Amino acid sequence: MSSNSKQNQLPIDQETEVDEAYLTALFLSFSRVFPSILNAAVDLNLFEIIAKAQSSCGGSSVSASEIASQFPNQHSELAKRLERMLPVLASYSLLTCSIRTNEDGKRERVYALSPVGQYYVFDNDGGSLGPFATLIHRGFQQVWNDVKDAIVDPENNNHFQNVHGLLPFQYMEKDKEQNQIFNNAMAHNGPLEMKMILKLYKGFEGVSTLVDVGGGVGRVLKQIISKYPSVKGINFDLPQVIQDASPLPVVTMIGVRWWSWRVLDNNDSGGGYCMMLEGIEHVGGSMFESVPNGDAILLKRVCHNWSDEECVKFLRNCHKALPKYGKVIVVDCIVPEVPNPSISSKLACDVDNVMFLIHGGKERTENEFQSLCMSSGFSKFHVACRGFSAILGVMEFYK
């Protein structure tokens with residue numbers, strides 16, 4: 001070997017050294033790819049199909065062709081195209097991947113649902129993150145364009161409104177598809193969180209009437225009442241949300257009256273109805289006008305939709321609806337004072353920006369929640385638990 005060739009050789013440690021900062025920066029430049037693949041997987045019902053394919057194979061890992069065989073619409077390139085998606089999902093820990101050697105000696109990748117991927121399969125309570133991913137990716141698709149305008153345009157006080165011409169809940173009242181996407185996301189994400197909450201939080205014990213403000217189609221109340229059957233539940237949300245509560249098993253229907261953005265009262269006139277389930281009454285109205293009476297009121301992921309001033313307004317209405325020593329149970333993200341590179345901190349920052357761009361709301365620190373509590377007329381603030389999630393907490397505001 002010549003002296004020149006020796007001089008041109010690099011030491012091994014320099015050849016294999018990776019610039020992690022560059023690699024991370026480059027990876028972030030491709031950040032639009034994974035959400036699109038995940039949304040496609042949800043739209044294709046891929047996680048359910050893989051679960052079914054694994055079940056038919058005795059729980060073992062399955063190949064792309066075995067997964068493709070479960071699809072309702074077949075074509076010759078389906079397995080090859082799935083093989084482009086599946087490694088992406090495996091690299092993000094939604095699937096596990098290994099190599100199988102078949103009887104003919106050929107090697108192929110095989111996949112199985114990971115513990116992370118299981119959260120995209122519907123459980124026995126209807127819980128799944130799939131519809132929530134659809135909401136973020138497809139339901140809010142137009143909002144992710146020109147985010148810079150939400151920062152630099154002084155007239156852009158609500159980015160969703162700037163894009164769609166209406167505030168989110170007004171838009172969903174007009175757009176049935178968007179309304180359905182949103183309601184599905186809330187209905188199927190809620191059970192996952194409530195399972196964790198009900199394991200640790202004991203604050204529903206002794207509650208007679210529980211009002212779930214912003215309770216969607218009532219699945220959260222159904223879970224609570226299944227554990228605490230003596231509780232009478234009142235599910236309170238906007239009328240266009242309440243009308244989608246029918247997927248739950250209706251026991252009876254009683255005639256009552258409501259108008260959009262109004263709470264039921266005996267003086268209302270006009271048509272309408274309220275659905276009654278076993279232990280649950282569905283009431284349509286607006287928390288900014290008034291809230292049904294109860295000895296406890298649940299606000300699960302409600303405060304983060306709104307500014308501090310708006311939160312104080314509906315929290316004062318909650319205060320009025322409570323008896324002496326009653327409480328508001330607030331379930332929401334509690335964000336750290338200082339962000340860090342952990343998944344929980346990244347998630348908290350992501351959710352905070354979703355709230356900012358969609359609703360003009362925000363996530364809050366513990367101190368900020370305590371300030372909301374006291375500003376709304378409550379006498380005591382208490383963080384009941386937060387061990388079930390790195391960012392989600394249960395707080396109590398006492399009258």
# chains A, B, ... in the order shown; residues from 1 in each chain; ligands from 1
>>> select_by_dssp(residues="stretch 136-257 of chain A", states="strand (DSSP E or B)", output="list in words")
Thr209, Leu210, Val211, Asp212, Val213, Lys232, Gly233, Ile234, Asn235, Phe236, Asp237, Thr252, Met253 and Ile254 of chain A
>>> select_by_dssp(residues="stretch 140-377 of chain A", states="helix (DSSP H, G or I)", output="MDAnalysis selection string")
chainID A and resid 141:144 148:152 159:164 168:174 176:200 219:227 239:242 303:305 308:321 343:358 366:375
>>> closest_atom_pairs(of="stretch 108-216 of chain A", to="stretch 282-303 of chain A", cutoff="6 Å", atoms="only C-alpha atoms", output="tab-separated table")
residue	atom	partner	partner_atom	distance
A:Thr209	CA	A:Gly294	CA	4.9
A:Leu210	CA	A:Ala296	CA	5.1
A:Val211	CA	A:Ile297	CA	4.7
A:Asp212	CA	A:Leu298	CA	4.7
A:Val213	CA	A:Leu299	CA	5.6
>>> write_last_selection(atoms="N, CA and C atoms", output="PDB file, in the first residue's frame")
ATOM      1  N   THR A 209     -75.020  13.543  43.208  1.00  0.00           N
ATOM      2  CA  THR A 209     -75.274  13.969  41.832  1.00  0.00           C
ATOM      3  C   THR A 209     -74.000  14.548  41.253  1.00  0.00           C
ATOM      4  N   LEU A 210     -73.547  13.950  40.158  1.00  0.00           N
ATOM      5  CA  LEU A 210     -72.321  14.383  39.488  1.00  0.00           C
ATOM      6  C   LEU A 210     -72.684  14.967  38.129  1.00  0.00           C
ATOM      7  N   VAL A 211     -72.291  16.213  37.901  1.00  0.00           N
ATOM      8  CA  VAL A 211     -72.522  16.878  36.619  1.00  0.00           C
ATOM      9  C   VAL A 211     -71.213  16.871  35.833  1.00  0.00           C
ATOM     10  N   ASP A 212     -71.236  16.252  34.659  1.00  0.00           N
ATOM     11  CA  ASP A 212     -70.061  16.253  33.793  1.00  0.00           C
ATOM     12  C   ASP A 212     -70.232  17.360  32.768  1.00  0.00           C
ATOM     13  N   VAL A 213     -69.552  18.478  32.977  1.00  0.00           N
ATOM     14  CA  VAL A 213     -69.653  19.635  32.083  1.00  0.00           C
ATOM     15  C   VAL A 213     -68.699  19.427  30.907  1.00  0.00           C
TER      16      VAL A 213
END
>>> closest_residue(among="A:Glu177, A:Asp19, A:Glu155, A:Glu66", to="A:Gly139", atoms="only C-alpha atoms")
A:Glu177
>>> closest_residue(among="A:Val335, A:Val351, A:Ala384, A:Val220", to="A:Arg364", atoms="only C-alpha atoms")
A:Val335
>>> atom_distance(atom1="atom CA of A:Gly326", atom2="atom CA of A:Lys399")
5.5 Å
>>> atom_distance(atom1="atom CA of A:Lys313", atom2="atom CA of A:Gly206")
27.5 Å
>>> closest_residue(among="A:Val163, A:Ile151, A:Leu372, A:Ala64", to="A:Arg100", atoms="only C-alpha atoms")
A:Ala64
